[in-house]
There are 2 protein chains.
Amino acid sequence: VSTSFADRLAGLVEERRSQVCLGLDPDPSASSRDAGGDAGGEDAAERAALAVAESCAELIERAGAACVAAKLQLACFERLGAPGWAALGRVAAAAREAGLVVIADGKRGDVPVTAAAYAQALVGETPTPWGPVAGLDADAFTANPLLGEDALEPLVAAAAEAGAGIFVLVRTSNPGAGDLLDLDAGGAPLHERIARLVAERAERLRGERGLSGMGAVVGATEPRYLERLRELMPEAILLVPGVGAQGGRASDLGPAFGDHPASVLVAASRSIASAEDPEAAAEALRAEAWSVGSG
Amino acid sequence: VSTSFADRLAGLVEERRSQVCLGLDPDPSASSRDAGGDAGGEDAAERAALAVAESCAELIERAGAACVAAKLQLACFERLGAPGWAALGRVAAAAREAGLVVIADGKRGDVPVTAAAYAQALVGETPTPWGPVAGLDADAFTANPLLGEDALEPLVAAAAEAGAGIFVLVRTSNPGAGDLLDLDAGGAPLHERIARLVAERAERLRGERGLSGMGAVVGATEPRYLERLRELMPEAILLVPGVGAQGGRASDLGPAFGDHPASVLVAASRSIASAEDPEAAAEALRAEAWSVGSG
């Protein structure tokens, strides 16, 4: 990859006038029995994985033009085993073909030697005596910082080498997110401590337009934190879930934006995927977020 | 599964007089080019996955009798894509066949709807129109608590339903573990706050011998925390990494033990896998841990 994630995203956001990240959390129980027919056999995992890949590809086709990124929820593929993991690769390829950046949402985090293995899986490759095995080749991925700085390091190093981005969990959008992340940790909420870890590494993944691919996940459900977190992470691209089905509103996201419209990615899953007209839902979110982010 | 994880493990520990958990973190770059030959073709991922499964099976065969559990490092399989995920299932089956409980070490943690999908992948099944797709059928798994109580809940519920156990990251063994986990969080270190979350759920996964499958990961590298963490989690099974290659010593683990010898699992990966004689290395660790745990 010749350019950084931050610059690739910035170009795409300017071109499409969109900050929408299409969340792909496929649920095979919602498939019709007629889907996945090409799998031929009766193996449930193979059929379900094919149906899931088809439904994601269809959603990308319908709603992708209003979006700049696709966020693939790894859990939803893993639960279908090896066929699910193969489907993950096919969905990533379909998203790439639609011009979207691919965000692998697995929230991985582990001790350094294992974190390096996760980085190989997501944005790198694994050397073997039979040649390198390519990973998912994601443009960016989400990461859990609980294990500390040395556990984050192999992820940052791998992202820098691959021209990829990282979204570190800083303040998630679920109702219980504050149980630990809002605890007072030596004079500041824990989520602010994590934001500092992100900001300290901004240079490592910095592009040429004032944005850094050393980013953060910050939920839309508690907009009161946005201004302070933007202040702490002035260059970070913020991946913001929680708009729509979880109750967050795009109109509240003003304080999340930095100097560039690509400083925020608004992630929406159910509110687009379950809409009667996913294209219209994505376009409506695009227009609303764009007016907030360039306001 | 008719009995709880805690009772299954307790029976096995008594029978084998062992608390050793064999860590399987296979590195395909360490394989010989002649391994994985049965894969036939020249596909690197298929060959590497087969070699990895073979090397794990061989290690289980050589060292398994001195152990009670196998801890499968998911990252090391995921980096080989779909063939790696298939190998994971085969290694889990080999471990089960050797009488070991299978611990899926993926340190997953996500918002509730996604946490439920991870639980399906690890200890449950996923409903599809073509019938249920079985998950990995692990006996227990590791979990990251950063996202709070509602994110932990689907994992606990799924474990209770499956008769499985959970090891929540409380104080890991890497050098940077204290960066966040040792921060003072409202009057107590963050790792103690997490220990309380574990203890509050002990009843949900409690067996009949005073042990709970609502367990915790507590590194051997900082033994000064062990006594306090055992006090906070009196019934929890503690999964203790860091002995051997990371510098922790089995002889320091006395304070980690509760009332039952199965209250501690000593996890060792490199110190067994890389030993000239893995069987002897596992047996030596077994004998040392047993003498500490029944002393």
# chains A, B, ... in the order shown; residues from 1 in each chain; ligands from 1
call {"tool": "select_by_dssp", "arguments": {"residues": "stretch 65-144 of chain B", "states": "helix (DSSP H, G or I)", "output": "number ranges by chain"}}
result
B: 65-66, 74-78, 81-97, 112-123
call {"tool": "residues_around", "arguments": {"residues": "stretch 260-263 of chain A", "least_positions_apart": "5", "cutoff": "9 Å", "atoms": "only C-alpha atoms", "output": "list of chain:residue names"}}
result
A:Ala6, A:Leu9, A:Ala10, A:Gly11, A:Leu12, A:Val13, A:Glu14, A:Arg17, A:Ser18, A:Gln19, A:Arg209, A:Gly210, A:Leu211, A:Ser212, A:Glu235, A:Ala236, A:Ile237, A:Leu238, A:Leu239, A:Trp290, A:Gly293, A:Ser294
call {"tool": "write_last_selection", "arguments": {"atoms": "N, CA and C atoms", "output": "PDB file, in the first residue's frame"}}
result
ATOM      1  N   ALA A   6      -5.016   6.920   6.678  1.00  0.00           N
ATOM      2  CA  ALA A   6      -5.607   8.247   6.913  1.00  0.00           C
ATOM      3  C   ALA A   6      -5.785   9.001   5.595  1.00  0.00           C
ATOM      4  N   LEU A   9      -8.484   7.268   3.318  1.00  0.00           N
ATOM      5  CA  LEU A   9      -9.835   7.565   3.789  1.00  0.00           C
ATOM      6  C   LEU A   9     -10.206   9.018   3.497  1.00  0.00           C
ATOM      7  N   ALA A  10      -9.276   9.916   3.733  1.00  0.00           N
ATOM      8  CA  ALA A  10      -9.561  11.343   3.515  1.00  0.00           C
ATOM      9  C   ALA A  10      -9.961  11.591   2.055  1.00  0.00           C
ATOM     10  N   GLY A  11      -9.239  10.971   1.146  1.00  0.00           N
ATOM     11  CA  GLY A  11      -9.559  11.143  -0.278  1.00  0.00           C
ATOM     12  C   GLY A  11     -10.945  10.622  -0.611  1.00  0.00           C
ATOM     13  N   LEU A  12     -11.263   9.492  -0.033  1.00  0.00           N
ATOM     14  CA  LEU A  12     -12.548   8.853  -0.296  1.00  0.00           C
ATOM     15  C   LEU A  12     -13.705   9.669   0.282  1.00  0.00           C
ATOM     16  N   VAL A  13     -13.492  10.188   1.493  1.00  0.00           N
ATOM     17  CA  VAL A  13     -14.529  10.997   2.142  1.00  0.00           C
ATOM     18  C   VAL A  13     -14.796  12.266   1.324  1.00  0.00           C
ATOM     19  N   GLU A  14     -13.730  12.879   0.835  1.00  0.00           N
ATOM     20  CA  GLU A  14     -13.908  14.087   0.015  1.00  0.00           C
ATOM     21  C   GLU A  14     -14.646  13.765  -1.285  1.00  0.00           C
ATOM     22  N   ARG A  17     -18.250  12.621  -0.357  1.00  0.00           N
ATOM     23  CA  ARG A  17     -18.950  13.496   0.594  1.00  0.00           C
ATOM     24  C   ARG A  17     -19.735  12.628   1.587  1.00  0.00           C
ATOM     25  N   SER A  18     -19.063  11.652   2.107  1.00  0.00           N
ATOM     26  CA  SER A  18     -19.707  10.712   3.037  1.00  0.00           C
ATOM     27  C   SER A  18     -18.752  10.333   4.146  1.00  0.00           C
ATOM     28  N   GLN A  19     -19.321  10.120   5.344  1.00  0.00           N
ATOM     29  CA  GLN A  19     -18.561   9.581   6.469  1.00  0.00           C
ATOM     30  C   GLN A  19     -19.212   8.303   6.998  1.00  0.00           C
ATOM     31  N   ARG A 209      -2.582  14.883   5.717  1.00  0.00           N
ATOM     32  CA  ARG A 209      -3.656  15.891   5.749  1.00  0.00           C
ATOM     33  C   ARG A 209      -4.137  16.183   7.161  1.00  0.00           C
ATOM     34  N   GLY A 210      -3.251  15.998   8.139  1.00  0.00           N
ATOM     35  CA  GLY A 210      -3.629  16.344   9.504  1.00  0.00           C
ATOM     36  C   GLY A 210      -4.465  15.300  10.212  1.00  0.00           C
ATOM     37  N   LEU A 211      -4.545  14.122   9.628  1.00  0.00           N
ATOM     38  CA  LEU A 211      -5.312  13.033  10.243  1.00  0.00           C
ATOM     39  C   LEU A 211      -4.365  11.887  10.574  1.00  0.00           C
ATOM     40  N   SER A 212      -4.687  11.152  11.638  1.00  0.00           N
ATOM     41  CA  SER A 212      -3.909   9.961  11.962  1.00  0.00           C
ATOM     42  C   SER A 212      -4.789   8.716  11.951  1.00  0.00           C
ATOM     43  N   GLU A 235      -5.866  14.498  16.265  1.00  0.00           N
ATOM     44  CA  GLU A 235      -5.665  14.013  14.890  1.00  0.00           C
ATOM     45  C   GLU A 235      -6.377  12.701  14.605  1.00  0.00           C
ATOM     46  N   ALA A 236      -6.887  12.039  15.634  1.00  0.00           N
ATOM     47  CA  ALA A 236      -7.406  10.680  15.477  1.00  0.00           C
ATOM     48  C   ALA A 236      -8.669  10.641  14.630  1.00  0.00           C
ATOM     49  N   ILE A 237      -8.767   9.609  13.799  1.00  0.00           N
ATOM     50  CA  ILE A 237     -10.038   9.319  13.138  1.00  0.00           C
ATOM     51  C   ILE A 237     -10.897   8.582  14.164  1.00  0.00           C
ATOM     52  N   LEU A 238     -12.091   9.105  14.423  1.00  0.00           N
ATOM     53  CA  LEU A 238     -12.978   8.482  15.404  1.00  0.00           C
ATOM     54  C   LEU A 238     -14.014   7.618  14.682  1.00  0.00           C
ATOM     55  N   LEU A 239     -14.082   6.373  15.078  1.00  0.00           N
ATOM     56  CA  LEU A 239     -15.110   5.461  14.565  1.00  0.00           C
ATOM     57  C   LEU A 239     -16.243   5.495  15.579  1.00  0.00           C
ATOM     58  N   TRP A 290     -22.879  14.492   6.888  1.00  0.00           N
ATOM     59  CA  TRP A 290     -22.074  15.446   6.112  1.00  0.00           C
ATOM     60  C   TRP A 290     -22.391  16.885   6.498  1.00  0.00           C
ATOM     61  N   GLY A 293     -20.738  17.463   9.809  1.00  0.00           N
ATOM     62  CA  GLY A 293     -19.274  17.453   9.771  1.00  0.00           C
ATOM     63  C   GLY A 293     -18.662  18.559   8.941  1.00  0.00           C
ATOM     64  N   SER A 294     -19.470  19.244   8.156  1.00  0.00           N
ATOM     65  CA  SER A 294     -18.892  20.345   7.396  1.00  0.00           C
ATOM     66  C   SER A 294     -19.592  21.636   7.784  1.00  0.00           C
TER      67      SER A 294
END
call {"tool": "interface_residues", "arguments": {"of": "chain A", "to": "chain B", "cutoff": "6 Å", "atoms": "only C-alpha atoms", "output": "mmCIF file with N, CA, C and O atoms, in the first residue's frame"}}
result
data_model
loop_
_atom_site.group_PDB
_atom_site.id
_atom_site.type_symbol
_atom_site.label_atom_id
_atom_site.label_comp_id
_atom_site.auth_asym_id
_atom_site.auth_seq_id
_atom_site.Cartn_x
_atom_site.Cartn_y
_atom_site.Cartn_z
ATOM 1 N N PRO A 28 -27.283 -15.386 10.157
ATOM 2 C CA PRO A 28 -27.767 -16.419 9.232
ATOM 3 C C PRO A 28 -29.182 -16.881 9.538
ATOM 4 O O PRO A 28 -29.857 -17.415 8.650
ATOM 5 N N SER A 29 -29.646 -16.663 10.779
ATOM 6 C CA SER A 29 -31.002 -17.123 11.086
ATOM 7 C C SER A 29 -32.034 -16.266 10.354
ATOM 8 O O SER A 29 -33.194 -16.638 10.253
ATOM 9 N N ARG A 33 -34.436 -19.984 3.390
ATOM 10 C CA ARG A 33 -33.917 -21.323 3.096
ATOM 11 C C ARG A 33 -33.434 -21.453 1.656
ATOM 12 O O ARG A 33 -32.633 -22.336 1.330
ATOM 13 N N ALA A 44 -24.836 -27.402 6.752
ATOM 14 C CA ALA A 44 -25.447 -26.165 7.245
ATOM 15 C C ALA A 44 -24.447 -25.013 7.282
ATOM 16 O O ALA A 44 -24.777 -23.879 6.915
ATOM 17 N N ALA A 45 -23.208 -25.289 7.719
ATOM 18 C CA ALA A 45 -22.228 -24.210 7.828
ATOM 19 C C ALA A 45 -21.887 -23.637 6.458
ATOM 20 O O ALA A 45 -21.802 -22.417 6.282
ATOM 21 N N ALA A 75 -17.149 -11.714 14.758
ATOM 22 C CA ALA A 75 -17.897 -12.725 15.511
ATOM 23 C C ALA A 75 -18.960 -13.394 14.649
ATOM 24 O O ALA A 75 -19.206 -14.596 14.757
ATOM 25 N N CYS A 76 -19.606 -12.582 13.798
ATOM 26 C CA CYS A 76 -20.726 -13.093 13.011
ATOM 27 C C CYS A 76 -20.268 -14.082 11.947
ATOM 28 O O CYS A 76 -21.061 -14.892 11.466
ATOM 29 N N ARG A 79 -18.669 -17.580 13.949
ATOM 30 C CA ARG A 79 -19.626 -18.561 14.473
ATOM 31 C C ARG A 79 -20.034 -19.574 13.419
ATOM 32 O O ARG A 79 -20.694 -20.559 13.736
ATOM 33 N N ALA A 82 -14.913 -22.579 9.762
ATOM 34 C CA ALA A 82 -14.033 -22.350 8.617
ATOM 35 C C ALA A 82 -14.789 -21.773 7.414
ATOM 36 O O ALA A 82 -14.298 -20.844 6.764
ATOM 37 N N TRP A 85 -15.160 -18.145 8.016
ATOM 38 C CA TRP A 85 -13.926 -17.377 7.836
ATOM 39 C C TRP A 85 -13.654 -17.162 6.335
ATOM 40 O O TRP A 85 -13.186 -16.097 5.916
ATOM 41 N N ALA A 86 -13.972 -18.147 5.528
ATOM 42 C CA ALA A 86 -13.814 -17.984 4.081
ATOM 43 C C ALA A 86 -14.789 -16.919 3.562
ATOM 44 O O ALA A 86 -14.430 -16.096 2.700
ATOM 45 N N VAL A 111 -1.340 -10.429 24.743
ATOM 46 C CA VAL A 111 0.064 -10.207 25.092
ATOM 47 C C VAL A 111 0.872 -10.060 23.794
ATOM 48 O O VAL A 111 0.425 -10.506 22.728
ATOM 49 N N ALA A 117 0.520 -12.030 16.232
ATOM 50 C CA ALA A 117 -0.175 -13.039 15.421
ATOM 51 C C ALA A 117 -1.520 -12.496 14.923
ATOM 52 O O ALA A 117 -1.905 -12.723 13.772
ATOM 53 N N TYR A 118 -2.234 -11.767 15.778
ATOM 54 C CA TYR A 118 -3.486 -11.149 15.324
ATOM 55 C C TYR A 118 -3.215 -10.144 14.198
ATOM 56 O O TYR A 118 -3.983 -10.045 13.234
ATOM 57 N N GLN A 120 -0.841 -10.295 12.025
ATOM 58 C CA GLN A 120 -0.622 -11.077 10.805
ATOM 59 C C GLN A 120 -1.962 -11.476 10.188
ATOM 60 O O GLN A 120 -2.137 -11.433 8.967
ATOM 61 N N ALA A 121 -2.904 -11.880 11.028
ATOM 62 C CA ALA A 121 -4.210 -12.322 10.536
ATOM 63 C C ALA A 121 -4.990 -11.180 9.883
ATOM 64 O O ALA A 121 -5.710 -11.384 8.911
ATOM 65 N N PRO A 127 4.609 -15.994 7.674
ATOM 66 C CA PRO A 127 5.612 -16.781 6.948
ATOM 67 C C PRO A 127 5.470 -18.261 7.262
ATOM 68 O O PRO A 127 5.224 -18.635 8.413
ATOM 69 N N THR A 128 5.572 -19.092 6.239
ATOM 70 C CA THR A 128 5.565 -20.548 6.430
ATOM 71 C C THR A 128 6.603 -21.123 5.473
ATOM 72 O O THR A 128 7.021 -20.435 4.516
ATOM 73 N N PRO A 129 7.002 -22.372 5.670
ATOM 74 C CA PRO A 129 7.984 -22.981 4.753
ATOM 75 C C PRO A 129 7.452 -23.104 3.330
ATOM 76 O O PRO A 129 8.233 -23.356 2.407
ATOM 77 N N TRP A 130 6.150 -22.945 3.153
ATOM 78 C CA TRP A 130 5.557 -23.082 1.816
ATOM 79 C C TRP A 130 5.229 -21.725 1.196
ATOM 80 O O TRP A 130 4.474 -21.630 0.241
ATOM 81 N N GLY A 131 5.780 -20.685 1.799
ATOM 82 C CA GLY A 131 5.501 -19.332 1.339
ATOM 83 C C GLY A 131 4.585 -18.608 2.311
ATOM 84 O O GLY A 131 3.980 -19.236 3.189
ATOM 85 N N VAL A 133 1.424 -16.815 4.018
ATOM 86 C CA VAL A 133 -0.037 -16.925 3.975
ATOM 87 C C VAL A 133 -0.609 -15.535 4.215
ATOM 88 O O VAL A 133 -0.349 -14.929 5.260
ATOM 89 N N LEU A 147 -4.725 -4.612 27.875
ATOM 90 C CA LEU A 147 -3.477 -5.248 28.292
ATOM 91 C C LEU A 147 -2.262 -4.321 28.306
ATOM 92 O O LEU A 147 -1.161 -4.758 28.619
ATOM 93 N N GLY A 148 -2.464 -3.057 27.937
ATOM 94 C CA GLY A 148 -1.394 -2.094 28.109
ATOM 95 C C GLY A 148 -0.552 -1.829 26.873
ATOM 96 O O GLY A 148 -0.809 -2.349 25.789
ATOM 97 N N GLU A 149 0.465 -0.983 27.070
ATOM 98 C CA GLU A 149 1.215 -0.423 25.945
ATOM 99 C C GLU A 149 2.015 -1.454 25.172
ATOM 100 O O GLU A 149 2.100 -1.397 23.944
ATOM 101 N N ASP A 150 2.621 -2.411 25.866
ATOM 102 C CA ASP A 150 3.432 -3.382 25.115
ATOM 103 C C ASP A 150 2.557 -4.301 24.279
ATOM 104 O O ASP A 150 2.998 -4.818 23.249
ATOM 105 N N ASN A 174 -22.232 0.593 24.250
ATOM 106 C CA ASN A 174 -23.198 -0.239 24.984
ATOM 107 C C ASN A 174 -23.561 0.401 26.323
ATOM 108 O O ASN A 174 -22.786 1.185 26.876
ATOM 109 N N GLY A 176 -23.468 -0.629 29.322
ATOM 110 C CA GLY A 176 -22.535 -0.865 30.422
ATOM 111 C C GLY A 176 -21.125 -0.355 30.171
ATOM 112 O O GLY A 176 -20.227 -0.617 30.969
ATOM 113 N N ALA A 177 -20.931 0.372 29.088
ATOM 114 C CA ALA A 177 -19.568 0.799 28.716
ATOM 115 C C ALA A 177 -18.871 1.559 29.836
ATOM 116 O O ALA A 177 -17.654 1.487 29.987
ATOM 117 N N ASP A 179 -19.046 1.051 33.035
ATOM 118 C CA ASP A 179 -18.739 0.291 34.257
ATOM 119 C C ASP A 179 -17.260 0.360 34.582
ATOM 120 O O ASP A 179 -16.881 0.572 35.728
ATOM 121 N N LEU A 180 -16.412 0.137 33.592
ATOM 122 C CA LEU A 180 -14.974 0.257 33.807
ATOM 123 C C LEU A 180 -14.419 1.520 33.150
ATOM 124 O O LEU A 180 -13.597 2.225 33.727
ATOM 125 N N LEU A 183 -14.662 4.762 35.117
ATOM 126 C CA LEU A 183 -14.110 4.800 36.478
ATOM 127 C C LEU A 183 -13.052 5.899 36.573
ATOM 128 O O LEU A 183 -12.285 6.106 35.636
ATOM 129 N N ASP A 184 -13.015 6.541 37.704
ATOM 130 C CA ASP A 184 -11.958 7.511 37.928
ATOM 131 C C ASP A 184 -10.640 6.758 38.105
ATOM 132 O O ASP A 184 -10.486 5.956 39.021
ATOM 133 N N ALA A 185 -9.709 6.997 37.198
ATOM 134 C CA ALA A 185 -8.436 6.267 37.220
ATOM 135 C C ALA A 185 -7.316 7.267 37.437
ATOM 136 O O ALA A 185 -6.770 7.836 36.498
ATOM 137 N N GLY A 186 -7.027 7.522 38.704
ATOM 138 C CA GLY A 186 -5.955 8.451 39.022
ATOM 139 C C GLY A 186 -6.221 9.867 38.558
ATOM 140 O O GLY A 186 -5.343 10.520 38.005
#
call {"tool": "residues_around", "arguments": {"residues": "A:Glu61", "least_positions_apart": "6", "cutoff": "12 Å", "atoms": "only C-alpha atoms", "output": "JSON, numbers by chain"}}
result
{"A": [22, 54, 55, 67, 70, 91, 94, 95, 96, 97, 98, 99, 100, 273, 278, 279, 282]}
call {"tool": "select_by_dssp", "arguments": {"residues": "stretch 137-265 of chain A", "states": "strand (DSSP E)", "output": "PyMOL selection string"}}
result
chain A and resi 140-143+165-171+212-218+236-240+264-265
call {"tool": "residues_around", "arguments": {"residues": "A:Ile166", "least_positions_apart": "5", "cutoff": "8 Å", "atoms": "only C-alpha atoms", "output": "PyMOL selection string"}}
result
chain A and resi 140-143+155-156+159+213-216
call {"tool": "atom_distance", "arguments": {"atom1": "atom CA of B:Pro154", "atom2": "atom CA of B:Arg204"}}
result
12.2 Å
call {"tool": "closest_residue", "arguments": {"among": "A:Glu288, A:Glu276, A:Asp7, A:Glu231", "to": "A:Phe257", "atoms": "only C-alpha atoms"}}
result
A:Glu231
call {"tool": "closest_residue", "arguments": {"among": "A:Ala158, A:Val218, A:Leu229, A:Ala275", "to": "A:Gly248", "atoms": "only C-alpha atoms"}}
result
A:Val218
call {"tool": "closest_residue", "arguments": {"among": "A:Val52, A:Ile272, A:Ala202, A:Ala250", "to": "A:Gly23", "atoms": "only C-alpha atoms"}}
result
A:Ile272
call {"tool": "atom_distance", "arguments": {"atom1": "atom CA of A:Ala289", "atom2": "atom CA of A:Gly165"}}
result
21.5 Å
call {"tool": "atom_distance", "arguments": {"atom1": "atom CA of B:Val198", "atom2": "atom CA of B:Val168"}}
result
7.2 Å
